[in-house]
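Structure below is query_35.txt: compact mmCIF, C-alpha atoms.
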```
# COMPACT_ATOMS: atom_id res chain seq x y z
CA MET A 204 104.35 76.14 113.21
CA GLU A 205 101.42 75.30 110.99
CA PHE A 206 101.71 72.23 108.79
CA LYS A 207 100.88 72.97 105.15
CA ASP A 208 99.11 70.32 103.13
CA TYR A 209 100.47 71.17 99.70
CA TYR A 210 98.34 68.53 98.00
CA LYS A 211 95.21 70.08 99.47
CA VAL A 212 96.32 73.59 98.45
CA MET A 213 96.68 72.41 94.86
CA GLY A 214 93.57 70.23 94.95
CA VAL A 215 95.41 67.12 93.72
CA ALA A 216 95.65 63.58 95.02
CA ARG A 217 98.82 62.51 96.84
CA ASP A 218 99.65 60.21 93.95
CA ALA A 219 99.09 62.89 91.26
CA THR A 220 101.46 62.78 88.30
CA GLU A 221 103.81 65.63 87.46
CA ALA A 222 101.56 66.52 84.52
CA GLN A 223 98.50 66.67 86.79
CA ILE A 224 100.33 68.91 89.25
CA LYS A 225 101.44 71.26 86.50
CA GLN A 226 97.92 71.38 85.09
CA ALA A 227 96.43 72.10 88.53
CA TYR A 228 98.99 74.85 89.10
CA ARG A 229 98.26 76.59 85.81
CA LYS A 230 94.53 76.46 86.33
CA LEU A 231 94.66 77.81 89.89
CA ALA A 232 97.38 80.35 89.03
CA ARG A 233 95.13 81.89 86.39
CA LYS A 234 92.28 81.96 88.88
CA TYR A 235 94.16 83.52 91.79
CA HIS A 236 96.88 85.60 90.15
CA PRO A 237 96.71 88.95 91.99
CA ASP A 238 97.02 90.94 88.75
CA VAL A 239 94.14 89.08 87.16
CA SER A 240 91.89 87.88 89.96
CA LYS A 241 89.14 89.81 91.70
CA GLU A 242 88.79 87.15 94.40
CA LYS A 243 89.11 88.68 97.88
CA ASP A 244 91.90 86.45 99.17
CA ALA A 245 93.66 86.11 95.83
CA GLU A 246 97.03 87.31 97.08
CA ALA A 247 97.18 84.84 99.99
CA ARG A 248 95.83 81.98 97.89
CA PHE A 249 98.34 82.66 95.14
CA LYS A 250 101.21 82.75 97.61
CA ASP A 251 100.19 79.38 99.08
CA LEU A 252 99.82 77.99 95.60
CA GLY A 253 103.27 79.14 94.48
CA GLU A 254 104.81 77.57 97.57
CA ALA A 255 102.95 74.28 97.09
CA TYR A 256 103.98 74.13 93.43
CA GLU A 257 107.60 74.94 94.30
CA VAL A 258 107.66 71.78 96.42
CA LEU A 259 105.49 69.41 94.42
CA LYS A 260 107.02 70.14 91.01
CA SER A 261 110.48 69.18 92.22
CA PRO A 262 110.92 65.39 92.55
CA GLU A 263 113.50 65.82 95.36
CA LYS A 264 111.45 68.25 97.41
CA ARG A 265 108.28 66.30 96.85
CA ALA A 266 109.89 63.04 97.97
CA ALA A 267 111.23 64.75 101.08
CA TYR A 268 107.86 66.35 101.80
CA ASP A 269 106.04 63.04 101.33
CA GLN A 270 108.20 61.54 104.08
CA LEU A 271 106.48 63.84 106.57
CA GLY A 272 103.28 61.90 105.99
CA GLN A 273 99.94 63.66 106.41
CA GLY A 274 101.25 65.97 109.09
CA PRO A 275 99.80 66.56 112.54
CA LYS A 276 96.08 66.98 113.11
CA PRO A 277 94.76 70.46 112.35
CA GLY A 278 95.80 72.93 115.04
CA GLU A 279 98.59 70.69 116.30
CA ASP A 280 102.07 72.14 116.29
CA PHE A 281 104.45 70.94 113.62
CA ARG A 282 108.22 70.48 113.99
CA PRO A 283 110.42 68.95 111.31
CA PRO A 284 111.85 65.58 112.42
CA PRO A 285 115.50 65.71 113.59
CA ASP A 286 116.74 63.64 110.64
CA TRP A 287 114.82 65.87 108.24
CA GLY A 288 116.36 66.41 104.83
CA ALA A 289 119.08 63.75 105.19
CA GLY A 290 119.84 62.25 101.83
CA PHE A 291 118.12 64.92 99.80
CA GLU A 292 119.83 67.60 97.86
CA PHE A 293 117.74 70.62 97.06
CA SER A 294 118.71 72.39 93.90
CA GLY A 295 117.83 75.85 92.72
CA ALA A 296 118.98 79.19 94.04
CA GLY A 297 118.17 82.84 93.59
CA GLY A 298 115.11 84.59 94.87
CA GLY A 299 111.65 85.20 93.56
CA GLU A 300 109.60 88.03 95.00
CA ALA A 301 107.41 85.81 97.12
CA ALA A 302 108.11 85.27 100.78
CA TYR A 303 107.47 81.69 101.78
CA SER A 304 105.87 80.45 104.98
CA ASP A 305 107.82 79.48 108.09
CA PHE A 306 106.82 75.91 107.31
CA PHE A 307 108.53 76.05 103.91
CA GLU A 308 111.59 77.86 105.23
CA SER A 309 112.09 75.33 108.03
CA LEU A 310 112.03 72.47 105.54
CA PHE A 311 113.87 73.86 102.56
CA GLY A 312 115.53 77.01 103.88
CA ALA A 313 116.20 80.13 101.88
CA GLN A 314 118.36 78.05 99.51
CA GLY A 315 115.36 76.00 98.50
CA ARG A 316 113.64 78.89 96.85
CA GLY A 317 113.38 78.36 93.14
CA GLY A 318 115.19 80.57 90.67
CA ALA A 319 113.03 83.03 88.82
CA ALA A 320 112.49 82.50 85.13
CA GLY A 321 114.73 83.91 82.43
CA SER A 322 116.77 86.99 83.02
CA ARG A 323 114.96 88.04 86.19
CA GLY A 324 117.12 87.96 89.25
CA ALA A 325 120.29 87.66 87.22
CA PHE A 326 120.54 91.42 86.92
CA ARG A 327 122.47 93.04 89.74
CA SER A 328 124.07 96.41 90.08
CA GLY A 329 125.74 98.15 92.98
CA ARG A 330 122.77 100.42 93.60
CA GLY A 331 120.28 99.21 96.20
CA GLU A 332 117.16 97.48 94.98
CA ASP A 333 113.93 99.40 94.58
CA HIS A 334 111.09 98.37 96.84
CA HIS A 335 107.46 98.26 95.81
CA ALA A 336 104.41 98.47 98.03
CA LYS A 337 100.70 99.06 97.61
CA VAL A 338 98.50 101.12 99.93
CA LEU A 339 94.78 101.74 100.28
CA LEU A 340 94.09 105.44 100.89
CA ASP A 341 90.97 107.40 101.68
CA LEU A 342 89.79 109.51 98.77
CA GLU A 343 90.24 112.69 100.82
CA ALA A 344 94.01 112.13 100.63
CA THR A 345 94.06 112.92 96.91
CA LEU A 346 91.29 115.54 97.06
CA ARG A 347 93.05 117.63 99.67
CA GLY A 348 96.55 116.16 99.87
CA GLY A 349 98.11 115.74 103.29
CA ALA A 350 100.22 113.45 105.40
CA ARG A 351 99.16 109.85 105.99
CA GLN A 352 100.70 107.18 108.15
CA LEU A 353 101.34 104.15 105.99
CA VAL A 354 102.08 100.70 107.35
CA LEU A 355 104.02 98.70 104.78
CA ARG A 356 105.07 95.08 104.85
CA LEU A 357 108.43 94.76 103.18
CA PRO A 358 110.38 91.56 102.68
CA GLU A 359 113.87 91.65 104.15
CA ILE A 360 116.67 89.17 104.47
CA ASP A 361 117.30 88.56 108.16
CA ALA A 362 120.07 86.11 109.06
CA GLY A 363 119.77 84.48 105.66
CA ARG A 364 116.01 84.08 105.88
CA LEU A 365 113.40 86.04 104.02
CA VAL A 366 111.05 87.65 106.51
CA SER A 367 108.31 90.21 106.20
CA LYS A 368 108.90 93.31 108.29
CA GLU A 369 106.51 96.05 109.20
CA ARG A 370 107.59 99.56 108.40
CA VAL A 371 105.71 102.70 109.38
CA LEU A 372 106.16 105.78 107.24
CA ASN A 373 104.62 109.22 107.34
CA VAL A 374 104.11 110.21 103.75
CA GLN A 375 102.90 113.45 102.25
CA VAL A 376 100.33 112.28 99.69
CA PRO A 377 100.57 114.39 96.53
CA LYS A 378 97.26 116.12 95.83
CA GLY A 379 95.64 114.83 92.66
CA ILE A 380 97.18 111.35 92.64
CA MET A 381 95.02 108.77 90.89
CA ALA A 382 94.41 105.08 91.57
CA GLY A 383 97.17 102.98 89.99
CA GLN A 384 99.75 105.76 90.17
CA HIS A 385 102.89 105.54 92.28
CA ILE A 386 104.48 107.84 94.84
CA ARG A 387 108.23 107.59 94.45
CA LEU A 388 110.24 108.09 97.61
CA ALA A 389 113.86 108.48 96.58
CA GLY A 390 116.40 106.61 98.65
CA GLN A 391 113.82 104.69 100.71
CA GLY A 392 114.46 101.33 99.06
CA ALA A 393 117.14 98.80 99.93
CA ARG A 394 120.62 99.88 100.99
CA GLY A 395 123.22 100.03 98.22
CA HIS A 396 126.18 97.68 98.05
CA GLY A 397 129.31 99.41 99.30
CA GLN A 398 129.29 103.11 98.49
CA GLU A 399 126.45 102.82 95.97
CA PRO A 400 123.23 104.78 96.62
CA PRO A 401 120.11 103.13 98.06
CA GLY A 402 117.16 102.17 95.89
CA ASP A 403 113.82 103.96 95.78
CA LEU A 404 110.48 103.04 97.31
CA PHE A 405 107.50 102.97 94.95
CA ILE A 406 104.09 103.13 96.60
CA GLU A 407 101.15 102.22 94.41
CA VAL A 408 97.94 103.96 95.42
CA GLU A 409 94.41 102.55 95.50
CA PHE A 410 91.37 104.15 97.12
CA GLN A 411 88.92 102.83 99.64
CA PRO A 412 85.32 103.09 98.43
CA HIS A 413 83.93 106.51 99.35
CA ALA A 414 80.54 106.95 101.03
CA LEU A 415 79.32 109.43 98.38
CA TYR A 416 81.59 109.49 95.36
CA ARG A 417 82.64 106.87 92.84
CA VAL A 418 85.95 107.27 91.07
CA ASP A 419 86.75 106.77 87.40
CA GLY A 420 90.31 107.85 86.69
CA ARG A 421 90.30 111.53 87.57
CA ASP A 422 86.51 111.93 87.40
CA LEU A 423 84.12 111.62 90.32
CA TYR A 424 80.47 110.53 90.21
CA LEU A 425 77.66 111.27 92.65
CA ASP A 426 74.12 109.88 92.66
CA LEU A 427 71.78 112.76 93.51
CA PRO A 428 68.14 112.09 94.36
CA VAL A 429 65.67 114.78 93.27
CA ALA A 430 61.88 115.11 93.69
CA PRO A 431 59.70 114.54 90.60
CA TRP A 432 58.76 118.23 90.45
CA GLU A 433 62.41 119.31 90.76
CA ALA A 434 63.26 117.17 87.73
CA ALA A 435 60.19 118.24 85.74
CA LEU A 436 60.15 121.95 86.52
CA GLY A 437 63.81 122.54 87.18
CA ALA A 438 65.22 123.65 90.52
CA THR A 439 68.32 124.71 92.36
CA VAL A 440 69.33 122.10 94.94
CA LYS A 441 72.11 121.71 97.50
CA THR A 442 74.75 119.21 96.32
CA PRO A 443 77.84 117.93 98.14
CA THR A 444 81.11 118.17 96.21
CA PRO A 445 84.69 117.50 97.33
CA THR A 446 85.26 121.24 97.71
CA GLY A 447 82.08 121.87 99.69
CA THR A 448 78.33 122.14 99.18
CA VAL A 449 77.25 123.93 96.02
CA ASP A 450 73.91 125.10 94.63
CA LEU A 451 73.30 122.93 91.58
CA LYS A 452 70.87 124.02 88.89
CA ILE A 453 68.65 121.14 87.70
CA PRO A 454 67.38 121.99 84.21
CA PRO A 455 63.62 121.58 83.58
CA GLY A 456 62.70 118.31 81.87
CA SER A 457 65.44 116.29 83.59
CA HIS A 458 64.84 112.60 84.13
CA ALA A 459 66.32 109.67 86.04
CA GLY A 460 69.84 109.05 84.74
CA SER A 461 70.40 112.62 83.53
CA LYS A 462 74.08 113.46 83.88
CA LEU A 463 75.19 116.93 84.91
CA ARG A 464 78.85 117.90 84.72
CA LEU A 465 80.71 120.25 87.02
CA LYS A 466 83.89 120.89 85.10
CA GLY A 467 87.18 120.64 86.97
CA ARG A 468 85.64 119.63 90.29
CA GLY A 469 86.90 116.04 90.22
CA ILE A 470 90.31 114.86 91.41
CA PRO A 471 92.60 117.92 91.36
CA ALA A 472 95.12 116.34 88.98
CA THR A 473 96.67 118.26 86.07
CA PRO A 474 94.38 118.67 84.23
CA PRO A 475 91.75 118.24 86.95
CA GLY A 476 88.99 115.70 86.55
CA ASP A 477 85.29 116.52 86.32
CA PHE A 478 82.52 115.97 88.82
CA TYR A 479 79.44 114.22 87.45
CA VAL A 480 76.04 114.24 89.09
CA ILE A 481 73.69 111.43 88.08
CA LEU A 482 70.07 112.25 88.85
CA GLY A 483 67.70 109.76 90.42
CA ILE A 484 64.00 110.46 90.96
CA ALA A 485 62.83 109.90 94.54
CA LEU A 486 59.07 109.48 94.98
CA PRO A 487 57.36 110.81 98.09
CA ALA A 488 55.32 108.10 99.87
CA ALA A 489 51.55 108.31 99.55
CA ALA A 490 51.41 108.13 103.32
CA ASP A 491 48.38 110.25 104.15
CA ASP A 492 45.19 111.52 102.53
CA LYS A 493 46.79 114.77 101.45
CA ALA A 494 49.59 112.92 99.56
CA LYS A 495 47.10 110.50 98.03
CA ALA A 496 44.97 113.39 96.85
CA ALA A 497 48.00 115.02 95.24
CA TYR A 498 48.87 111.83 93.33
CA ALA A 499 45.21 111.40 92.29
CA ALA A 500 45.13 114.99 91.04
CA MET A 501 48.28 114.36 89.01
CA ALA A 502 46.79 111.18 87.53
CA ALA A 503 43.65 113.08 86.56
CA ALA A 504 45.55 116.03 85.10
CA LEU A 505 48.24 114.20 83.08
CA PRO A 506 47.45 111.89 80.14
CA PHE A 507 50.57 109.83 80.81
CA ASN A 508 51.32 106.24 79.81
CA PRO A 509 54.81 105.28 81.07
CA ARG A 510 54.53 101.98 79.14
CA ALA A 511 53.75 103.52 75.74
CA ASN A 512 56.96 102.24 74.16
CA LEU A 513 56.14 98.68 75.27
CA GLY A 514 53.09 98.77 72.97
CA VAL A 515 50.59 98.38 75.78
CA MET B 180 116.76 103.05 105.17
CA THR B 181 115.39 103.60 108.68
CA THR B 182 113.23 106.64 109.02
CA PRO B 183 112.21 108.28 112.27
CA GLN B 184 108.48 107.93 112.68
CA ASP B 185 107.89 111.63 113.13
CA GLN B 186 109.55 112.59 109.87
CA THR B 187 107.20 113.11 106.95
CA LEU B 188 108.46 112.03 103.55
CA SER B 189 107.45 113.72 100.35
CA GLY B 190 107.51 112.13 96.97
CA ALA B 191 106.34 113.05 93.51
CA ILE B 192 103.69 111.21 91.49
CA PHE B 193 105.95 108.97 89.49
CA GLU B 194 103.69 108.66 86.43
CA GLU B 195 103.55 112.42 85.99
CA SER B 196 107.04 113.43 86.96
CA ALA B 197 109.05 110.75 85.23
CA THR B 198 110.09 109.98 81.69
CA LEU B 199 111.98 106.73 81.57
CA THR B 200 114.82 105.60 79.36
CA ILE B 201 115.21 101.94 78.51
CA GLU B 202 118.06 101.78 81.05
CA ASP B 203 115.73 103.12 83.76
CA LEU B 204 113.00 100.59 82.96
CA SER B 205 115.48 97.76 82.81
CA ARG B 206 116.92 98.71 86.19
CA LEU B 207 113.53 99.36 87.83
CA CYS B 208 112.20 96.00 86.67
CA ALA B 209 115.49 94.18 87.24
CA VAL B 210 115.48 92.66 83.77
CA ASP B 211 117.79 92.80 80.80
CA GLU B 212 117.22 95.63 78.28
CA ARG B 213 116.53 93.00 75.61
CA HIS B 214 113.48 91.98 77.62
CA ILE B 215 112.15 95.56 77.43
CA VAL B 216 112.87 95.68 73.69
CA ALA B 217 110.87 92.47 73.26
CA PHE B 218 107.93 94.06 75.14
CA VAL B 219 108.04 97.05 72.80
CA GLU B 220 108.19 94.87 69.70
CA GLU B 221 105.18 92.90 70.90
CA GLY B 222 103.24 96.09 71.62
CA VAL B 223 103.12 95.50 75.38
CA LEU B 224 104.94 98.79 76.04
CA GLU B 225 104.58 102.00 74.13
CA VAL B 226 107.55 104.20 73.25
CA ILE B 227 107.18 107.95 73.15
CA GLU B 228 109.20 108.68 70.04
CA THR B 229 111.92 111.20 70.66
CA SER B 230 114.94 111.70 68.45
CA ALA B 231 117.45 108.87 68.73
CA GLN B 232 116.72 107.41 72.18
CA TRP B 233 113.65 105.52 73.33
CA HIS B 234 111.62 107.11 76.09
CA PHE B 235 108.71 105.72 78.06
CA ARG B 236 105.98 107.30 80.14
CA GLY B 237 106.15 106.67 83.89
CA SER B 238 103.04 104.49 83.56
CA ALA B 239 105.11 101.99 81.55
CA LEU B 240 106.70 100.81 84.81
CA ARG B 241 103.48 99.35 86.19
CA ARG B 242 102.66 97.71 82.89
CA ALA B 243 106.10 96.19 82.55
CA ARG B 244 105.92 94.82 86.09
CA VAL B 245 102.52 93.23 85.52
CA ALA B 246 103.78 91.75 82.23
CA LEU B 247 106.80 90.25 83.97
CA ARG B 248 104.67 88.75 86.72
CA LEU B 249 102.31 87.19 84.18
CA GLU B 250 105.26 85.73 82.29
CA ARG B 251 106.81 84.29 85.39
CA ASP B 252 103.78 83.14 87.37
CA LEU B 253 101.54 81.89 84.58
CA GLU B 254 104.36 80.76 82.31
CA LEU B 255 102.91 82.81 79.46
CA ASN B 256 104.83 83.58 76.31
CA LEU B 257 105.06 87.11 74.93
CA PRO B 258 101.98 87.04 72.65
CA GLY B 259 100.07 85.51 75.57
CA VAL B 260 101.13 88.36 77.86
CA ALA B 261 100.17 90.94 75.24
CA LEU B 262 96.74 89.35 74.78
CA ALA B 263 96.18 89.04 78.54
CA LEU B 264 97.07 92.71 79.09
CA GLU B 265 94.73 93.87 76.32
CA LEU B 266 91.87 91.80 77.71
CA MET B 267 92.63 93.03 81.24
CA ASP B 268 92.49 96.65 80.02
CA GLU B 269 89.15 96.02 78.37
CA LEU B 270 87.80 94.26 81.45
CA GLU B 271 88.96 97.11 83.66
CA HIS B 272 87.28 99.61 81.36
CA LEU B 273 83.99 97.67 81.36
CA ARG B 274 84.08 97.17 85.12
CA ARG B 275 84.55 100.89 85.68
CA GLU B 276 81.75 101.74 83.30
CA LEU B 277 79.48 99.31 85.11
CA GLU B 278 80.52 100.74 88.48
CA VAL B 279 79.85 104.32 87.36
CA LYS B 280 76.47 103.48 85.85
CA ARG B 281 75.41 101.28 88.72
```

Do you think you could lay out the structure here as structure tokens?
Amino acid sequence: MEFKDYYKVMGVARDATEAQIKQAYRKLARKYHPDVSKEKDAEARFKDLGEAYEVLKSPEKRAAYDQLGQGPKPGEDFRPPPDWGAGFEFSGAGGGEAAYSDFFESLFGAQGRGGAAGSRGAFRSGRGEDHHAKVLLDLEATLRGGARQLVLRLPEIDAGRLVSKERVLNVQVPKGIMAGQHIRLAGQGARGHGQEPPGDLFIEVEFQPHALYRVDGRDLYLDLPVAPWEAALGATVKTPTPTGTVDLKIPPGSHAGSKLRLKGRGIPATPPGDFYVILGIALPAAADDKAKAAYAAMAAALPFNPRANLGV
Amino acid sequence: MTTPQDQTLSGAIFEESATLTIEDLSRLCAVDERHIVAFVEEGVLEVIETSAQWHFRGSALRRARVALRLERDLELNLPGVALALELMDELEHLRRELEVKR
């Protein structure tokens, strides 16, 4: 088992005061809270942080933890000493949502988990609890709908210990679902108590970045390169859309950044989103004499100062 | 609770199929109804006004869950949660705009 240096996780000295620990927790919690943070490893960092704070904020747990010393050298296996925990009484019961590490569980057990604040956790009914999970889907799933195999990690109580179990589900993804929305699978949550019905499973959907399209709610955006003459003179060009290639009419006098809308060709929600094409001007390279001559002819023919509005 | 791997499950989009009562929200979030009332009074959750009983859009579930996590994990009070959620909405909006105009 890996030894966890809770002082290092919280970035405080081993002789930090309670006030310093609280301050460090608040600062790091704001930084790594998964709902707030855009840091890549926010979820894992926040979990470690919560566990470290759970131990260091409690005088009993902290004193017990301090007895372990600095722990083994990195990579060395850790086992709690046989007389571990003697003389300490760990208070606090009830469960938060977080699953703690094996290291924490071996020291403090499931009983050591702190009670959640306020009325949370106090509410119990006979019906099974609802489970929540988040999945990352390909954009095609919402554009076309279809079955996807989802691998979920769900916390479960196993022999009194909170463990994370893998669960594989085949789920029909509803066509038109948007990022942030949930698929509700009735009866797929926790078992009910006694004869009561099971809870539901709520799966929150996010999308992997798509190679061509960007997503904004139900709308899709595509960057489409066009040649200078296509933008200036107008043209009909082939354009990929989620429902297949279409012939898109570029109006004459278009410029870089021009936005063309294909109504109803975004995510097929109700109502469907729109498909936006943002034009970019691609310049042919002046690679040979013929191309150079063409550019020179254009320069000679057009009295054009692209910097006119800079006053030069 | 166990599902054979070859069985395909179908579910509806919760946000579009569901209208929630205060009892539903309270149960789904595992908090007391008074907690939900406090969220409404602070403007964290929006009620769709219908006759005598309060109803919420399905999207209120996600918002309520984020609000509860902020309260618990960051030890924020209610006005703090409301402010954080508003700023997070604005940030999300600006990020998306930036992404789209990239």

Select residues of chain A: the criterion is any atom within 7 Å of an atom of chain B, counting only C-alpha atoms; output as a ChimeraX atom specification. /A:229,232-233,238,320,322-324,326,333,371-375,377,380,384-388,391-394,417,419,424

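Taking CA of Leu266 in chain B and CA of Glu246 in chain A as the two end points, the separation is 20.5 Å.
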
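Across the structure, CA of Ala497 in chain A and CA of Leu482 in chain A are spaced 23.1 Å apart.
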
Take every atom of range 461-479 of chain A listed in the file, fit an axis-aligned box around them, add 4 Å per side, and give the centre and edge lengths in Å to one decimal as lines of an AutoDock Vina configuration file.
```
center_x = 83.5
center_y = 116.8
center_z = 87.5
size_x = 34.3
size_y = 16.3
size_z = 15.9
```

Could you jot down the CA of Asp208 in chain A to CA of Gln226 in chain A separation for me, Å, one decimal place?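 Going from CA of Asp208 in chain A over to CA of Gln226 in chain A covers 18.1 Å.
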
Any idea what's packed within 12 Å of range 451-459 of chain A, counting all atoms listed in the file, ignoring anything in its chain fewer than 6 positions away? Could you give it as a PyMOL selection string? (chain A and resi 426-444+465+478-486) or (chain B and resi 280)

Just the selected residues (C-alpha atoms), exported as a compact mmCIF listing (two decimals), keeping the file's coordinate frame, please.
```txt
# COMPACT_ATOMS: atom_id res chain seq x y z
CA ASP A 426 74.12 109.88 92.66
CA LEU A 427 71.78 112.76 93.51
CA PRO A 428 68.14 112.09 94.36
CA VAL A 429 65.67 114.78 93.27
CA ALA A 430 61.88 115.11 93.69
CA PRO A 431 59.70 114.54 90.60
CA TRP A 432 58.76 118.23 90.45
CA GLU A 433 62.41 119.31 90.76
CA ALA A 434 63.26 117.17 87.73
CA ALA A 435 60.19 118.24 85.74
CA LEU A 436 60.15 121.95 86.52
CA GLY A 437 63.81 122.54 87.18
CA ALA A 438 65.22 123.65 90.52
CA THR A 439 68.32 124.71 92.36
CA VAL A 440 69.33 122.10 94.94
CA LYS A 441 72.11 121.71 97.50
CA THR A 442 74.75 119.21 96.32
CA PRO A 443 77.84 117.93 98.14
CA THR A 444 81.11 118.17 96.21
CA LEU A 465 80.71 120.25 87.02
CA PHE A 478 82.52 115.97 88.82
CA TYR A 479 79.44 114.22 87.45
CA VAL A 480 76.04 114.24 89.09
CA ILE A 481 73.69 111.43 88.08
CA LEU A 482 70.07 112.25 88.85
CA GLY A 483 67.70 109.76 90.42
CA ILE A 484 64.00 110.46 90.96
CA ALA A 485 62.83 109.90 94.54
CA LEU A 486 59.07 109.48 94.98
CA LYS B 280 76.47 103.48 85.85
```

Between B:Val260, B:Glu225, B:Ala243, B:Val219, which is the closest to Leu204 in chain B once you count only C-alpha atoms?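 Closest residue, counting only C-alpha atoms: B:Ala243.
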
Show which residues sit within 9 Å of Tyr256 in chain A, as a VMD selection string. Count only C-alpha atoms, and ignore same-chain residues fewer than 4 positions away. chain A and resid 209 213 224 to 225 228 251 to 252 260 to 261

Excluding Thr198 in chain B and any residue of its chain fewer than 6 positions from it, enumerate the residues within 9 Å of it, using all atoms listed in the file, and give them as a short mmCIF file (atom, residue, chain, number, x, y, z; two decimals) with C-alpha atoms, keeping the file's coordinate frame.
```
data_model
loop_
_atom_site.label_atom_id
_atom_site.label_comp_id
_atom_site.auth_asym_id
_atom_site.auth_seq_id
_atom_site.Cartn_x
_atom_site.Cartn_y
_atom_site.Cartn_z
CA HIS B 234 111.62 107.11 76.09
CA PHE B 235 108.71 105.72 78.06
CA ARG B 236 105.98 107.30 80.14
CA GLY B 237 106.15 106.67 83.89
#
```

Taking (95.1, 114.9, 91.8) in the file's own coordinates, collect the residues within 8 Å, counting all atoms listed in the file, and hand them back as a PDB file with C-alpha atoms, in the coordinates of the input.
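Here's the written file point34.pdb:
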```pdb
ATOM      1  CA  THR A 345      94.060 112.920  96.910  1.00  0.00           C
ATOM      2  CA  LEU A 346      91.290 115.540  97.060  1.00  0.00           C
ATOM      3  CA  PRO A 377     100.570 114.390  96.530  1.00  0.00           C
ATOM      4  CA  LYS A 378      97.260 116.120  95.830  1.00  0.00           C
ATOM      5  CA  GLY A 379      95.640 114.830  92.660  1.00  0.00           C
ATOM      6  CA  ILE A 380      97.180 111.350  92.640  1.00  0.00           C
ATOM      7  CA  MET A 381      95.020 108.770  90.890  1.00  0.00           C
ATOM      8  CA  ARG A 421      90.300 111.530  87.570  1.00  0.00           C
ATOM      9  CA  ILE A 470      90.310 114.860  91.410  1.00  0.00           C
ATOM     10  CA  PRO A 471      92.600 117.920  91.360  1.00  0.00           C
ATOM     11  CA  ALA A 472      95.120 116.340  88.980  1.00  0.00           C
ATOM     12  CA  THR A 473      96.670 118.260  86.070  1.00  0.00           C
ATOM     13  CA  PRO A 475      91.750 118.240  86.950  1.00  0.00           C
TER      14      PRO A 475
END
```

Protein and nucleic acid residues near (107.4, 85.1, 107.4) (cut-off 6 Å, all atoms listed in the file) as number ranges by chain: A: 304-305, 366-367

Okay, now the selection with C-alpha atoms, as a short mmCIF file (atom, residue, chain, number, x, y, z; two decimals), keeping the file's coordinate frame?
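The resulting file, out00.cif, is shown below:
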```
data_model
loop_
_atom_site.label_atom_id
_atom_site.label_comp_id
_atom_site.auth_asym_id
_atom_site.auth_seq_id
_atom_site.Cartn_x
_atom_site.Cartn_y
_atom_site.Cartn_z
CA SER A 304 105.87 80.45 104.98
CA ASP A 305 107.82 79.48 108.09
CA VAL A 366 111.05 87.65 106.51
CA SER A 367 108.31 90.21 106.20
#
```

How would range 211-223 of chain A read, as a CSV table (one decimal), in the coordinates of the input, once N, CA and C atoms are built in?
```
chain,number,residue,atom,x,y,z
A,211,LYS,N,96.5,69.5,99.3
A,211,LYS,CA,95.2,70.1,99.5
A,211,LYS,C,95.2,71.5,98.8
A,212,VAL,N,96.2,72.2,99.0
A,212,VAL,CA,96.3,73.6,98.4
A,212,VAL,C,96.1,73.5,96.9
A,213,MET,N,96.7,72.5,96.3
A,213,MET,CA,96.7,72.4,94.9
A,213,MET,C,95.5,71.6,94.4
A,214,GLY,N,94.8,71.0,95.3
A,214,GLY,CA,93.6,70.2,95.0
A,214,GLY,C,93.9,69.0,94.1
A,215,VAL,N,95.0,68.4,94.4
A,215,VAL,CA,95.4,67.1,93.7
A,215,VAL,C,95.6,66.0,94.7
A,216,ALA,N,95.5,64.8,94.2
A,216,ALA,CA,95.6,63.6,95.0
A,216,ALA,C,97.1,63.4,95.4
A,217,ARG,N,97.4,62.7,96.4
A,217,ARG,CA,98.8,62.5,96.8
A,217,ARG,C,99.6,61.7,95.8
A,218,ASP,N,98.9,61.0,95.0
A,218,ASP,CA,99.6,60.2,94.0
A,218,ASP,C,99.5,60.9,92.6
A,219,ALA,N,99.2,62.2,92.5
A,219,ALA,CA,99.1,62.9,91.3
A,219,ALA,C,100.4,62.8,90.5
A,220,THR,N,100.3,62.8,89.1
A,220,THR,CA,101.5,62.8,88.3
A,220,THR,C,102.0,64.2,88.2
A,221,GLU,N,103.2,64.3,87.7
A,221,GLU,CA,103.8,65.6,87.5
A,221,GLU,C,103.0,66.5,86.5
A,222,ALA,N,102.4,65.8,85.5
A,222,ALA,CA,101.6,66.5,84.5
A,222,ALA,C,100.3,67.1,85.2
A,223,GLN,N,99.7,66.2,86.1
A,223,GLN,CA,98.5,66.7,86.8
A,223,GLN,C,98.8,67.9,87.7
```
